[in-house]
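Structure first, commentary second.
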Amino acid sequence: MPKKPDPHESHHHHQHHHHPSGGSKHGIPSHGTPPHKDHLKKGKPSDQITIYTCPMHPEIEKKGPGNCPICGMSLEPKLLPGEETEDLHELKDMQRRFAISVLFTLPLLALSMGDLLPGQPISGFIGSKTRVFLELALATPVCLWAAFPFYQRALTSIRNKSLNMFTLIGLGVSVSFVYSLIAALFPGVFPDSFRSKEGEVAVYFEAAAVITALILLGQVLELRARTKTGAAIKLLLGLAPKTARRIRKDGQDEDVPLEEIQVGDQLRVRPGEKIPVDGLVLEGRSLVDESMVSGEPIPVEKTEGSLVVGGTVNGTGALVIQAEKVGSDTLLSRIVQMVAEAQRSKAPIQKLADQVAAWFVPMVIVVSILTFVIWGTVGPAPKMAHALINAVAVLIIACPCALGLATPMSIMVSTGKGAQMGVLFKNAEAIELLCKVNTLVVDKTGTLTEGKPKLVHVESLGDRPELQILAMVAGLEKASEHPLAQAIVEGAIDRGAKPLNVSDFQSQTGMGVQGDYQGTPIALGNLRFLQFLGVPAGEAENKAEDLRGQGQTVMFVVIDGKLAGLIGVADPIKEGSPEAVEKLHAEGIRVVMLTGDSEGTAKAVASRLQIDEVVADVLPDQKVEAVQRFQEQGHVVAMAGDGINDAPALAKAEVGIAMGTGTDIAMESADVTLVRGDLRGIVRARTLSRATMANIKQNLFFAFVYNAMGIPIAAGLFYPFFGLLLSPVLAAAAMSFSSVSVILNALRLKRFNPDK
């Protein structure tokens with residue numbers, strides 16, 4: 001856990017470390033310890049237990065493969081970073097069942113349709129009894145073995161009192177097969193209402209087999225599409241090189257597998273090679289392509305002391321780096337972990353689909369029973385045959401298979417696409433909420449500005465020379481790791497002031513720091529700190545206000561109990577901030593700056609960026625109150641920040657957005673992480689969010705439109721007027737087409753371009 005930040009006037013709310021180890025300390029995002037860390041241990045796959053979960057109901061978790069007890073969908077393995085093997089058992093099983101069912105169904109169709117072809121009917125060649133027994137022989141492996149998983153899921157749904165699409169499939173296929181089986185073996189048990197004019201009892205083996213084959217096709221397409229949506233994760237995992245060039249103690253290089261690299265190892269990266277792990281540059285200069293994590297195409301210059309990310313591509317220079325994060329701790333692994341978790345999460349809109357399915361399935365069963373009763377009572381001869389076939393058609397056409405895909409497919413594709421754009425969604429809910437946001441609250445330092453301030457003003461207010469004041473202040477700030485402290489120390493050295501040795505360093509939260517130089521007390525802080533120390537500001541406050549008007553953060557220097565000088569530090573505005581604010585305004589979003597800095601400094605930055613409202617001088621705990629106040633006014637609030645003290649406000653906002661250059665805890669609390677730490681990423685994330693929600697709504701339409709249109713036709717509502725009926729085979733085809741429509745529509749998100 002990072003240390004508490006040092007509380008100066010503007011930077012008491014912001015946290016950046018400058019220590020040579022640790023992720024966020026360099027702007028390398030990390031997300032705390034990933035869940036199931038024990039699963040990441042090296043070893044054979046047999047040593048590990050893979051947890052499986054349902055894409056529709058992430059709360060369902062099982063050790064090993066199986067089906068969801070709620071919706072019946074196949075459970076998916078919760079793959080973790082480094083687990084590049086994928087469990088395709090379910091897909092292969094369904095492909096095998098589909099292939100066998102096609103093999104038996106095609107000749108079965110030819111047999112059953114043979115009598116409809118011109119010329120001599122098949123029954124004339126082989127006799128109608130022989131034909132029925134041949135159909136039975138061909139249909140049995142399809143309806144008993146190939147369709148077996150559907151029966152299992154249907155029984156589970158009834159046992160769990162959670163009726164779903166497999167309840168309808170299981171009922172439809174089993175009723176038509178069992179009826180046909182009895183009709184083939186014991187035709188004498190059927191009364192006249194089941195018989196045709198020729199006195200025969202019709203069999204529907206081909207309907208049962210074709211329905212099974214079509215539903216298996218739908219399952220194969222669904223499972224294949226679900227494995228494809230993991231392509232973004234696989235692509236990210238594939239970015240890490242498999243080996244690294246380690247420099248031995250004797251100075252010789254050796255190529256070793258990536259998993260053997262340990263923290264502290266020195267590695268050589270030659271021009272054009274991938275950087276193996278997250279690390280610190282010890283020697284060399286090069287441009288590195290970091291687009292795979294940030295989505296930004298412009299290479300970033302790396303020199304001694306710079307940080308590099310594993311998986312990024314080195315340019316023309318050679319680098320020697322020290323490994324800082326390896327294995328599951330690297331940024332790449334953490335990104336994969338976040339994407340995997342988000343893909344398995346559930347959007348609130350899915351709850352609506354669940355509720356609809358909960359009453360839809362029982363309603364369909366009731367309609368099917370009514371269809372059977374009405375056709376069996378007042379239908380044309382043979383009454384019972386018509387009643388059965390129409391009741392089965394209702395069960396099959398109404399089956400909302402595509403409903404199970406509608407939301408998860410879009411979420412999976414969207415989160416993968418977001419990762420490629422440098423936008424990491426923590427969960428599906430964040431995607432849904434982001435497009436509803438109308439107020440964006442942003443922290444100033446490190447979010448709107450670089451967070452790398454520079455010393456720009458030193459002024460003596462007494463008889464001490466400026467260099468002496470600087471030397472004492474730099475000595476005081478040497479003990480701090482904070483960016484403003486770093487800026488003062490570096491600025492002092494640049495101006496020729498050597499930092500003195502100051503002892504008894506102490507910090508006062510939200511106010512300033514103090515220490516002692518050879519018996520002389522020194523203090524540095526904001527106006528509140530002056531009042532705390534009982535030192536009057538006098539005319540110095542007016543001078544400070546002028547400097548704040550220029551966008552500087554001003555600190556008062558107190559030496560030996562007297563006001564001795566002013567220090568002004570400016571934090572340059574991030575390159576992308578003006579464009580981001582402009583685009584957010586174009587989206588109709590109100591932008592509010594929330595900062596611990598003084599009002600003057602904050603307003604200077606706000607006026608340059610045309611920010612709508614400024615809330616300045618807030619202490620860390622007041623940030624949450626500010627977010628809550630906007631929420632009480634009826635705003636849907638997103639909060640963007642990067643400091644440890646932003647974490648509670650990030651958690652409080654409807655959508656918390658963490659800068660990838662910030663602290664671990666900020667990212668733990670946030671719903672969205674911008675890898676690049678650039679506000680333009682919010683615009684991209686919101687555009688993707690809107691496209692995803694539109695895609696989900698289209699999918700839900702495709703999932704229901706076929707069913708809604710097909711049920712009245714299948715039930716025979718139009719038969720008295722138009723003679724229109726829907727055979728179970730056509731019903732199964734329409735149902736499969738519904739699933740295909742959803743899959744193809746969701747995969748369109750892969751081609752989404754946020755800049756269009």
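All residue names refer to the structure tokens as shown: chains lettered A, B, ... in order, residues numbered from 1 in each chain, ligands numbered from 1 in order.
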
Exercise for review: For stretch 713-720 of chain A, list every protein, DNA or RNA residue within 12 Å, evaluated using only C-alpha atoms, and leave out those in the same chain fewer than 2 positions away; present the list as a PyMOL selection string.
Suggested key: chain A and resi 364-375+378-380+386-398+706-711+722-732+734

Exercise for review: Would you return as a PyMOL selection string the members of stretch 367-544 of chain A that DSSP assigns to strand (DSSP E or B) on this structure's backbone?
Suggested key: chain A and resi 423-425+439-443+449+454-460+503-508+512-517+520-525

Taking only residues of stretch 375-462 of chain A that have an atom at most 6 Å from an atom of stretch 553-577 of chain A, what is each one's shortest atom pair and its distance in Å to one decimal, using only C-alpha atoms, in chain and number order, as CSV?
```
residue,atom,partner,partner_atom,distance
A:Leu448,CA,A:Ser577,CA,5.7
A:Thr449,CA,A:Ile573,CA,4.0
A:Glu450,CA,A:Lys574,CA,5.0
A:Pro453,CA,A:Asp571,CA,4.1
A:Lys454,CA,A:Val569,CA,5.5
A:Leu455,CA,A:Val569,CA,4.5
A:Val456,CA,A:Val569,CA,5.4
A:His457,CA,A:Gly568,CA,4.5
A:Val458,CA,A:Ile567,CA,4.8
A:Glu459,CA,A:Leu566,CA,5.2
A:Ser460,CA,A:Gly565,CA,4.3
A:Leu461,CA,A:Gly565,CA,4.7
A:Gly462,CA,A:Ala564,CA,5.4
```

Produce a file of the selected residues containing N, CA, C and O atoms, as an mmCIF file, in the first residue's frame.
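What ended up in result-v5.cif:
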```
data_model
loop_
_atom_site.group_PDB
_atom_site.id
_atom_site.type_symbol
_atom_site.label_atom_id
_atom_site.label_comp_id
_atom_site.auth_asym_id
_atom_site.auth_seq_id
_atom_site.Cartn_x
_atom_site.Cartn_y
_atom_site.Cartn_z
ATOM 1 N N LEU A 448 -6.165 16.540 -15.077
ATOM 2 C CA LEU A 448 -6.196 17.612 -16.091
ATOM 3 C C LEU A 448 -4.777 18.094 -16.392
ATOM 4 O O LEU A 448 -4.487 18.545 -17.496
ATOM 5 N N THR A 449 -3.918 18.017 -15.370
ATOM 6 C CA THR A 449 -2.534 18.493 -15.538
ATOM 7 C C THR A 449 -1.582 17.310 -15.536
ATOM 8 O O THR A 449 -1.975 16.185 -15.244
ATOM 9 N N GLU A 450 -0.311 17.581 -15.839
ATOM 10 C CA GLU A 450 0.685 16.510 -15.966
ATOM 11 C C GLU A 450 0.931 15.785 -14.649
ATOM 12 O O GLU A 450 1.319 14.637 -14.638
ATOM 13 N N PRO A 453 4.913 18.795 -11.610
ATOM 14 C CA PRO A 453 5.070 20.244 -11.516
ATOM 15 C C PRO A 453 6.518 20.708 -11.582
ATOM 16 O O PRO A 453 7.439 19.923 -11.358
ATOM 17 N N LYS A 454 6.667 21.997 -11.887
ATOM 18 C CA LYS A 454 8.005 22.605 -11.982
ATOM 19 C C LYS A 454 8.045 23.839 -11.085
ATOM 20 O O LYS A 454 7.067 24.574 -10.978
ATOM 21 N N LEU A 455 9.211 24.057 -10.475
ATOM 22 C CA LEU A 455 9.415 25.247 -9.648
ATOM 23 C C LEU A 455 9.542 26.458 -10.573
ATOM 24 O O LEU A 455 10.403 26.484 -11.450
ATOM 25 N N VAL A 456 8.658 27.451 -10.410
ATOM 26 C CA VAL A 456 8.690 28.598 -11.341
ATOM 27 C C VAL A 456 8.889 29.941 -10.625
ATOM 28 O O VAL A 456 9.205 30.933 -11.264
ATOM 29 N N HIS A 457 8.730 29.959 -9.294
ATOM 30 C CA HIS A 457 8.834 31.262 -8.610
ATOM 31 C C HIS A 457 9.398 31.094 -7.200
ATOM 32 O O HIS A 457 8.942 30.245 -6.436
ATOM 33 N N VAL A 458 10.413 31.875 -6.878
ATOM 34 C CA VAL A 458 10.951 31.939 -5.515
ATOM 35 C C VAL A 458 11.058 33.419 -5.152
ATOM 36 O O VAL A 458 11.579 34.221 -5.929
ATOM 37 N N GLU A 459 10.529 33.775 -3.985
ATOM 38 C CA GLU A 459 10.575 35.189 -3.585
ATOM 39 C C GLU A 459 10.891 35.275 -2.096
ATOM 40 O O GLU A 459 10.246 34.625 -1.278
ATOM 41 N N SER A 460 11.902 36.097 -1.764
ATOM 42 C CA SER A 460 12.247 36.308 -0.363
ATOM 43 C C SER A 460 11.393 37.446 0.189
ATOM 44 O O SER A 460 11.215 38.474 -0.455
ATOM 45 N N LEU A 461 10.844 37.251 1.390
ATOM 46 C CA LEU A 461 10.023 38.298 2.013
ATOM 47 C C LEU A 461 10.753 38.937 3.199
ATOM 48 O O LEU A 461 10.179 39.726 3.937
ATOM 49 N N GLY A 462 12.001 38.555 3.367
ATOM 50 C CA GLY A 462 12.780 39.144 4.470
ATOM 51 C C GLY A 462 14.181 39.446 3.986
ATOM 52 O O GLY A 462 14.405 39.756 2.809
#
```

Check your understanding: What's the 10 Å shell around A:Ala430, counting only C-alpha atoms, without same-chain residues fewer than 6 positions away, as number ranges by chain?
Key -> A: 342, 347-348, 654-657, 670-672, 689

Residues just named, written with all heavy atoms as a compact mmCIF listing (two decimals), in the first residue's frame:
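See again01.txt below for the written result:
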```txt
# COMPACT_ATOMS: atom_id res chain seq x y z
N ALA A 342 -14.35 -8.41 -16.34
CA ALA A 342 -15.42 -7.57 -16.91
C ALA A 342 -16.29 -8.38 -17.87
O ALA A 342 -17.51 -8.24 -17.90
CB ALA A 342 -14.83 -6.37 -17.62
N ALA A 347 -24.51 -6.95 -16.88
CA ALA A 347 -25.05 -5.59 -16.99
C ALA A 347 -26.45 -5.55 -16.39
O ALA A 347 -27.19 -6.53 -16.48
CB ALA A 347 -25.09 -5.17 -18.45
N PRO A 348 -26.84 -4.40 -15.80
CA PRO A 348 -28.19 -4.30 -15.23
C PRO A 348 -29.30 -4.63 -16.25
O PRO A 348 -30.31 -5.20 -15.88
CB PRO A 348 -28.27 -2.84 -14.79
CG PRO A 348 -26.86 -2.45 -14.53
CD PRO A 348 -26.05 -3.21 -15.52
N GLU A 654 -21.25 7.27 -9.57
CA GLU A 654 -21.89 6.19 -10.34
C GLU A 654 -20.84 5.45 -11.16
O GLU A 654 -20.86 4.23 -11.26
CB GLU A 654 -22.97 6.75 -11.28
CG GLU A 654 -24.32 6.87 -10.66
CD GLU A 654 -24.57 8.18 -9.92
OE1 GLU A 654 -23.64 9.01 -9.84
OE2 GLU A 654 -25.68 8.37 -9.43
N VAL A 655 -19.92 6.23 -11.76
CA VAL A 655 -18.81 5.63 -12.52
C VAL A 655 -17.52 6.28 -12.05
O VAL A 655 -17.34 7.49 -12.20
CB VAL A 655 -18.98 5.82 -14.04
CG1 VAL A 655 -17.82 5.17 -14.79
CG2 VAL A 655 -20.30 5.26 -14.53
N GLY A 656 -16.62 5.48 -11.47
CA GLY A 656 -15.30 5.98 -11.08
C GLY A 656 -14.32 5.70 -12.20
O GLY A 656 -14.27 4.59 -12.72
N ILE A 657 -13.56 6.74 -12.60
CA ILE A 657 -12.61 6.58 -13.71
C ILE A 657 -11.20 6.86 -13.19
O ILE A 657 -10.92 7.97 -12.74
CB ILE A 657 -12.94 7.54 -14.87
CG1 ILE A 657 -14.37 7.27 -15.37
CG2 ILE A 657 -11.95 7.40 -16.01
CD1 ILE A 657 -14.93 8.34 -16.28
N ALA A 670 -12.06 2.18 -8.83
CA ALA A 670 -12.67 2.72 -10.06
C ALA A 670 -13.38 1.65 -10.86
O ALA A 670 -13.09 0.46 -10.74
CB ALA A 670 -11.61 3.39 -10.91
N ASP A 671 -14.33 2.10 -11.70
CA ASP A 671 -15.06 1.18 -12.59
C ASP A 671 -14.41 1.13 -13.97
O ASP A 671 -14.59 0.18 -14.71
CB ASP A 671 -16.51 1.68 -12.76
CG ASP A 671 -17.20 1.83 -11.41
OD1 ASP A 671 -17.40 0.81 -10.74
OD2 ASP A 671 -17.51 2.96 -11.02
N VAL A 672 -13.71 2.22 -14.31
CA VAL A 672 -13.05 2.32 -15.61
C VAL A 672 -11.62 2.79 -15.37
O VAL A 672 -11.40 3.69 -14.55
CB VAL A 672 -13.76 3.33 -16.53
CG1 VAL A 672 -13.09 3.40 -17.90
CG2 VAL A 672 -15.24 2.99 -16.69
N SER A 689 -19.36 2.83 -24.91
CA SER A 689 -20.48 2.48 -24.02
C SER A 689 -21.81 2.65 -24.75
O SER A 689 -22.68 1.78 -24.69
CB SER A 689 -20.42 3.38 -22.78
OG SER A 689 -21.68 3.61 -22.24
```

Point to revise | Interatomic distance, atom CA of A:Val675 to atom CA of A:Thr447 (Å, one decimal) | key: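 Going from atom CA of A:Val675 over to atom CA of A:Thr447 covers 12.3 Å.
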
Check your understanding: Taking into account only C-alpha atoms, which residue in the set A:Ala616, A:Ile589, A:Val705, A:Ala99 is nearest to A:Lys444?
Key ->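 Of the candidates, the smallest distance to A:Lys444 is held by A:Ala616.
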
Practice item. Have a look at A:Val591, A:Ala586, A:Val132, A:Leu216 and name the one nearest to A:Glu90; count only C-alpha atoms. Key: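 Of A:Val591, A:Ala586, A:Val132, A:Leu216, the one nearest A:Glu90, counting only C-alpha atoms, is A:Leu216.
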
Exercise for review: Counting only C-alpha atoms, figure out which residue out of A:Asn745, A:Gln262, A:Thr439, A:Asn67 gets nearest to A:Gly327.
Suggested key: A:Gln262

**Study point:** Among the residues A:Met165, A:Ala492, A:Ala428, A:Ala202, the one that comes closest to A:Lys383 [using only C-alpha atoms]
**Key:**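 For A:Lys383, the nearest of the candidates is A:Ala202.
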
**Study point:** Non-local contacts of stretch 92-96 of chain A (8 Å; only C-alpha atoms; under 6 positions in same chain excluded) as a PyMOL selection string
**Key:** chain A and resi 216-217+219-220

Point to revise | Which residue of A:Gly64, A:Gly310, A:Gly172, A:Gly588 approaches A:Ser333 most closely, using only C-alpha atoms | key: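 Checking each of A:Gly64, A:Gly310, A:Gly172, A:Gly588 against A:Ser333, counting only C-alpha atoms, the winner is A:Gly310.
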
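Reported to one decimal place, the separation of atom CA of A:Leu319 from atom CA of A:Thr303 is 8.4 Å.
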